[in-house]
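Peer 1: Sharing a structure, written as structure tokens. Questions coming.
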Amino acid sequence: MVNKFFKTIYVLCTANPLIDRLLSHPARNIAVIFYMHRFEDPEHGSVGITAPYLESALQTMKKYGCNFVSVQDIIEARQGKRKLPPKAVAFTIDDGFIDQATIAAPIFIKYKCPVTIGLITGFIDGNLWPWDSRLRYMFTATEQEKIDLAQIGLDQSRDIRTNRQRMAVMREVRDYLKKVGNQEHNRLIQVIAELLNVHLTDVPAQGYQPMTWGQARELEKIGVTIASHSATHAVISRCSPDEMKEEIDGSWKRLRSQLGDSLNIFIYPTGRIHDFGMREISYLQDNGYSGALTTVHGYVDIVQTQSYKSYMMSRISFPEDLLNLKMVCSPFMRIAEIFIGRMRLHHRSARILINNYLYKVMSKISSGAADIDLTQYDRLVFVCKGNVCRSPFAEQLARSFGFNAISCGFETDGNIPANDEAIHNAKTFGIDLESHRSRNLTSIYFNERDCIFIMEPDHIVAVHKMIDRNIDIYLLGMFSNPSRLVIHDPYKKGVDEFQYCYNGIYDSLFRLRGRVE
């Protein structure tokens, strides 16, 4: 689980209590949120984390100096409302299986350890059996020795004679199903059931039963926090807008109708980086949710105070042995992973900046614009700081040239009209900005077929921090002739600055249009 290099360093160095104490202070603003799923419960037939191991893990963490906090504590620390203690650790459990109520919750309460359980409300209602649980059950129960994956859209048959093979193929199929539409899930699950010769019932099989609403209410009474983990466990990024609202708000309303004081956070189903996006983040922000949790591996950096980061908080899968557990909780690992993450971000941004400088040099040599194939993109996204001068003009001009375009700013509250001088000067180019209202970058859902154009090199790091995805980014001015690394902000600088700015944007987009005609 943990990188071998770091394990070696940890064993050689940070197992020393003195070094551990020295690192505790700089690491105090880095929190761990663990996530778990299943627990071993012989009575109900479930397998997973055993009660003795969970008790041993909590005891070890106490001795190691960890401080148990709640998810709400971490959110409030990010908002500046509280300070976290050193070695802060929070626990979450996803889905709402009965073993989470009968086995896990009493142990967390015994050790006075806050825990948040995310419920799939349709599962608790008895209306469904989560698709990924059905998939695991089928691969566990089958007696088949092969499965022809070509029948569900994959390329060939797979051997499933051994348990290891079955689990490997199950994970491959599960990852594939996450990429298809949610309506297609049900059809493909039935196809897989037929291929595996397993009969699926509407009622969860032994070992896959949900807790009841009565049990959930009892958990709240003894101090367990309940949160929403969607209505049906659908992959949210694959949902239509109406489906997304039902998965989020429908689940929340159901929790409020059945329970006392549920935590208004959302736990993304499956929770990988591609399973949610800026559409979901913006919706949660706009509708009063205080945060959201992913399964993207990582620590929570409390000093990273951008509000949207509270809606994509990383978690770490609960380690299966005590050495890995101590390492994950150690100040050394917290500092190391956050530092490396920041270095990756700046390396990626620096690489883009260097590429743009090289494009500028090449364009000088060739007297032409930098090379770019716009046919590979579905949408052009223009970004500046406030989205009231430069990027709105670029958006509307691009639209007039036949491009699908949108604009936004990374330092704007949103819904702000275009600047008066921008409106006046845009008219001289035949562009109307009267109806424009600013958008924040976090309100836009990005995908790999977007192309982002920024106005200044300094914007690269800011944009990368906010979208957290590998989207192609270019400096718009490098496509003008002569090329410009910076299209300066003309805000409150008069007509001449506006004309110079808009001429650069016009020339860049005019030349880009010429490349696709």
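All residue names refer to the structure tokens as shown: chains lettered A, B, ... in order, residues numbered from 1 in each chain, ligands numbered from 1 in order.
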Name the residues in contact with A:Ser330 at a cut-off of 8 Å, using only C-alpha atoms, excluding same-chain residues fewer than 3 positions from it; report them as a list in words.
Peer 2: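 Neighbouring residues, sequence-local ones excluded: Asp20, Lys87, Lys326, Met327, Met333 and Arg334 of chain A.
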Peer 1: Based on the backbone DSSP call, show me all residues of stretch 32-91 of chain A assigned strand (DSSP E), as a compact mmCIF listing (two decimals) with all heavy atoms, in the first residue's frame.
Peer 2:
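Ended up saving to states.txt:
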# COMPACT_ATOMS: atom_id res chain seq x y z
N VAL A 32 -5.88 13.00 8.32
CA VAL A 32 -6.17 11.73 7.66
C VAL A 32 -7.66 11.45 7.79
O VAL A 32 -8.22 11.57 8.89
CB VAL A 32 -5.40 10.56 8.32
CG1 VAL A 32 -5.75 9.24 7.64
CG2 VAL A 32 -3.90 10.81 8.27
N ILE A 33 -8.29 11.09 6.67
CA ILE A 33 -9.66 10.56 6.73
C ILE A 33 -9.61 9.14 6.17
O ILE A 33 -9.32 8.95 4.98
CB ILE A 33 -10.66 11.41 5.92
CG1 ILE A 33 -10.68 12.85 6.40
CG2 ILE A 33 -12.06 10.80 6.02
CD1 ILE A 33 -11.61 13.75 5.61
N PHE A 34 -9.86 8.16 7.01
CA PHE A 34 -9.90 6.77 6.56
C PHE A 34 -11.29 6.42 6.06
O PHE A 34 -12.29 6.95 6.56
CB PHE A 34 -9.54 5.82 7.70
CG PHE A 34 -8.08 5.78 8.04
CD1 PHE A 34 -7.63 6.08 9.32
CD2 PHE A 34 -7.14 5.41 7.08
CE1 PHE A 34 -6.28 6.03 9.64
CE2 PHE A 34 -5.78 5.37 7.39
CZ PHE A 34 -5.36 5.67 8.66
N TYR A 35 -11.36 5.50 5.08
CA TYR A 35 -12.66 4.95 4.70
C TYR A 35 -12.62 3.43 4.75
O TYR A 35 -11.60 2.81 4.49
CB TYR A 35 -13.12 5.46 3.33
CG TYR A 35 -12.36 4.97 2.12
CD1 TYR A 35 -12.77 3.83 1.42
CD2 TYR A 35 -11.25 5.68 1.65
CE1 TYR A 35 -12.08 3.41 0.30
CE2 TYR A 35 -10.56 5.26 0.52
CZ TYR A 35 -10.99 4.12 -0.16
OH TYR A 35 -10.30 3.70 -1.27
N MET A 36 -13.75 2.85 5.11
CA MET A 36 -13.92 1.40 5.25
C MET A 36 -15.22 0.99 4.58
O MET A 36 -16.07 1.84 4.29
CB MET A 36 -13.95 1.01 6.73
CG MET A 36 -12.82 1.54 7.58
SD MET A 36 -13.18 1.26 9.33
CE MET A 36 -11.65 1.78 10.08
N ASN A 67 -5.04 11.59 17.45
CA ASN A 67 -6.22 12.22 18.03
C ASN A 67 -7.41 11.99 17.11
O ASN A 67 -7.38 12.40 15.94
CB ASN A 67 -5.99 13.72 18.23
CG ASN A 67 -5.04 14.00 19.37
OD1 ASN A 67 -5.40 13.88 20.53
ND2 ASN A 67 -3.80 14.35 19.04
N PHE A 68 -8.43 11.33 17.62
CA PHE A 68 -9.61 11.03 16.82
C PHE A 68 -10.50 12.27 16.71
O PHE A 68 -10.87 12.87 17.73
CB PHE A 68 -10.40 9.88 17.43
CG PHE A 68 -9.62 8.60 17.56
CD1 PHE A 68 -9.81 7.75 18.64
CD2 PHE A 68 -8.71 8.24 16.58
CE1 PHE A 68 -9.10 6.57 18.75
CE2 PHE A 68 -7.99 7.05 16.67
CZ PHE A 68 -8.18 6.22 17.76
N ALA A 88 -4.28 14.31 13.65
CA ALA A 88 -5.73 14.20 13.57
C ALA A 88 -6.13 13.10 12.59
O ALA A 88 -5.62 13.02 11.47
CB ALA A 88 -6.33 15.53 13.14
N VAL A 89 -7.06 12.25 13.02
CA VAL A 89 -7.53 11.13 12.20
C VAL A 89 -9.05 11.06 12.31
O VAL A 89 -9.61 11.10 13.41
CB VAL A 89 -6.93 9.79 12.67
CG1 VAL A 89 -7.49 8.64 11.84
CG2 VAL A 89 -5.41 9.81 12.59
N ALA A 90 -9.72 10.95 11.16
CA ALA A 90 -11.17 10.78 11.13
C ALA A 90 -11.50 9.46 10.43
O ALA A 90 -10.71 8.96 9.61
CB ALA A 90 -11.83 11.95 10.42
N PHE A 91 -12.69 8.92 10.72
CA PHE A 91 -13.10 7.63 10.14
C PHE A 91 -14.45 7.76 9.44
O PHE A 91 -15.37 8.41 9.95
CB PHE A 91 -13.22 6.57 11.24
CG PHE A 91 -11.91 6.18 11.85
CD1 PHE A 91 -11.39 6.89 12.93
CD2 PHE A 91 -11.18 5.12 11.34
CE1 PHE A 91 -10.17 6.54 13.49
CE2 PHE A 91 -9.97 4.76 11.90
CZ PHE A 91 -9.45 5.47 12.97
Peer 1: Just the helix (DSSP H, G or I) stuff from stretch 11-245 of chain A, please, per backbone DSSP, written as a PyMOL selection string.
Peer 2: chain A and resi 11-14+17-24+51-63+71-78+98-110+121-124+131-141+149-152+163-177+182-196+213-221+236-238+241-245
Peer 1: So which one's closest to A:Glu220, A:His185, A:Pro457, A:Ala101, A:Tyr445? Using only C-alpha atoms, please.
Peer 2: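 The closest residue to A:Glu220 is A:Ala101.
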Peer 1: Determine, using only C-alpha atoms, which residues of stretch 110-222 of chain A have any atom at most 12 Å from an atom of stretch 287-296 of chain A, and tabulate each with its shortest atom pair and distance in Å to one decimal place, rows ordered by chain and then rising number, as JSON lines.
Peer 2:
{"residue": "A:Thr116", "atom": "CA", "partner": "A:Leu293", "partner_atom": "CA", "distance": 11.2}
{"residue": "A:Ile117", "atom": "CA", "partner": "A:Leu293", "partner_atom": "CA", "distance": 11.8}
{"residue": "A:Gly118", "atom": "CA", "partner": "A:Leu293", "partner_atom": "CA", "distance": 10.1}
Peer 1: Store the residues picked out above in a file with N, CA and C atoms, as a PDB file, in the first residue's frame.
Peer 2:
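Generated file (result_6.pdb):
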ATOM      1  N   THR A 116     -18.314   8.467  10.822  1.00  0.00           N
ATOM      2  CA  THR A 116     -19.418   8.866   9.950  1.00  0.00           C
ATOM      3  C   THR A 116     -19.740   7.716   9.009  1.00  0.00           C
ATOM      4  N   ILE A 117     -20.992   7.318   8.961  1.00  0.00           N
ATOM      5  CA  ILE A 117     -21.436   6.253   8.056  1.00  0.00           C
ATOM      6  C   ILE A 117     -22.267   6.879   6.946  1.00  0.00           C
ATOM      7  N   GLY A 118     -21.850   6.657   5.697  1.00  0.00           N
ATOM      8  CA  GLY A 118     -22.591   7.149   4.543  1.00  0.00           C
ATOM      9  C   GLY A 118     -23.588   6.114   4.070  1.00  0.00           C
TER      10      GLY A 118
END
Peer 1: Restrict the calculation to only C-alpha atoms, then for each residue of stretch 207-290 of chain A with any atom at most 7 Å from an atom of stretch 176-184 of chain A give the closest atom pair and their distance in Å to one decimal, rows by chain and rising residue number, as CSV.
Peer 2:
residue,atom,partner,partner_atom,distance
A:Ala234,CA,A:Asn182,CA,6.3
A:Val235,CA,A:Lys178,CA,6.5
A:Arg238,CA,A:Gly181,CA,5.6
A:Cys239,CA,A:Asn182,CA,6.8
Peer 1: Export, as a tab-separated table (two decimals), in the first residue's frame, the selected residues with all heavy atoms.
Peer 2:
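Listing of again_8.tsv after writing:
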chain	number	residue	atom	x	y	z
A	234	ALA	N	-25.32	5.29	-7.85
A	234	ALA	CA	-24.97	5.55	-9.24
A	234	ALA	C	-23.71	6.40	-9.31
A	234	ALA	O	-23.47	7.23	-8.43
A	234	ALA	CB	-26.12	6.28	-9.95
A	235	VAL	N	-22.91	6.22	-10.36
A	235	VAL	CA	-21.73	7.05	-10.58
A	235	VAL	C	-22.23	8.44	-10.99
A	235	VAL	O	-22.83	8.60	-12.05
A	235	VAL	CB	-20.81	6.46	-11.66
A	235	VAL	CG1	-19.61	7.37	-11.91
A	235	VAL	CG2	-20.34	5.06	-11.25
A	238	ARG	N	-21.83	10.23	-14.38
A	238	ARG	CA	-22.53	9.61	-15.50
A	238	ARG	C	-24.03	9.89	-15.46
A	238	ARG	O	-24.77	9.41	-16.32
A	238	ARG	CB	-22.30	8.10	-15.49
A	238	ARG	CG	-20.83	7.69	-15.58
A	238	ARG	CD	-20.26	8.02	-16.94
A	238	ARG	NE	-18.81	7.79	-16.97
A	238	ARG	CZ	-18.05	8.03	-18.02
A	238	ARG	NH1	-18.59	8.53	-19.12
A	238	ARG	NH2	-16.75	7.82	-17.99
A	239	CYS	N	-24.46	10.67	-14.49
A	239	CYS	CA	-25.88	10.99	-14.35
A	239	CYS	C	-26.26	12.21	-15.19
A	239	CYS	O	-25.45	13.12	-15.38
A	239	CYS	CB	-26.22	11.28	-12.89
A	239	CYS	SG	-26.15	9.86	-11.79
Peer 1: Fewer than 6 positions away in the same chain doesn't count, so skip those; otherwise give me all residues within 12 Å of stretch 428-436 of chain A, counting only C-alpha atoms, as a ChimeraX atom specification.
Peer 2: /A:387-401,406-408,414-422,495,498-499,502-503,505-507
Peer 1: Atoms to include: C-alpha atoms. Write the selected residues as a CSV table (one decimal), in the first residue's frame.
Peer 2:
chain,number,residue,atom,x,y,z
A,387,ASN,CA,-14.3,37.2,-16.1
A,388,VAL,CA,-15.5,40.8,-16.8
A,389,CYS,CA,-13.1,42.0,-19.5
A,390,ARG,CA,-10.8,39.7,-21.4
A,391,SER,CA,-12.3,36.2,-21.2
A,392,PRO,CA,-16.0,37.3,-22.0
A,393,PHE,CA,-14.7,39.1,-25.1
A,394,ALA,CA,-12.8,36.0,-26.2
A,395,GLU,CA,-15.8,33.8,-25.5
A,396,GLN,CA,-18.2,35.8,-27.6
A,397,LEU,CA,-15.7,36.4,-30.4
A,398,ALA,CA,-15.0,32.7,-30.5
A,399,ARG,CA,-18.7,32.0,-30.7
A,400,SER,CA,-19.0,34.4,-33.6
A,401,PHE,CA,-16.2,32.5,-35.4
A,406,ILE,CA,-17.4,29.4,-22.6
A,407,SER,CA,-15.5,31.8,-20.3
A,408,CYS,CA,-14.9,32.0,-16.5
A,414,GLY,CA,-19.9,35.0,-10.1
A,415,ASN,CA,-23.0,36.7,-11.6
A,416,ILE,CA,-21.1,40.0,-12.1
A,417,PRO,CA,-21.8,42.1,-15.3
A,418,ALA,CA,-19.1,42.8,-17.8
A,419,ASN,CA,-17.1,46.0,-17.1
A,420,ASP,CA,-18.7,49.1,-18.7
A,421,GLU,CA,-15.5,49.9,-20.6
A,422,ALA,CA,-15.4,46.3,-21.8
A,495,VAL,CA,-9.5,52.9,-24.2
A,498,PHE,CA,-8.7,47.9,-24.1
A,499,GLN,CA,-8.0,48.2,-27.8
A,502,TYR,CA,-8.8,43.1,-27.7
A,503,ASN,CA,-6.7,43.4,-30.8
A,505,ILE,CA,-7.4,38.4,-28.6
A,506,TYR,CA,-9.0,39.1,-32.0
A,507,ASP,CA,-5.8,38.3,-33.9
Peer 1: Kindly indicate which residue among A:Ile236, A:Val383, A:Ile316, A:Ala405 lies nearest to A:His459, using only C-alpha atoms for the distances.
Peer 2: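 The answer is A:Val383, which sits nearest to A:His459.
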Peer 1: Which of these, A:His199, A:Lys221, A:Arg158, A:His229, has the shortest distance to A:Thr142 once you count only C-alpha atoms?
Peer 2: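 The closest residue to A:Thr142 is A:His199.
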Peer 1: Quick one: of A:Glu76, A:Asp301, A:Asp132, A:Glu55, who's nearest to A:Asn29, counting only C-alpha atoms?
Peer 2: A:Asp301
Peer 1: Counting only C-alpha atoms, what is within 12 Å of A:Asp99, bar same-chain residues fewer than 5 positions away, as a PyMOL selection string?
Peer 2: chain A and resi 36-51+93-94+104-107+117+206-212+215-216
Peer 1: Report, in Å with one decimal, the straight-line distance from atom CA of A:Ile192 to atom CA of A:Arg134.
Peer 2: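 About the pair atom CA of A:Ile192 and atom CA of A:Arg134: they are 10.3 Å apart.
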Peer 1: Nearest residue to A:Leu485 out of A:Cys501, A:Ile467, A:Ile473, A:Met455, using only C-alpha atoms?
Peer 2: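 Checking each candidate against A:Leu485, we get A:Met455 as the closest.
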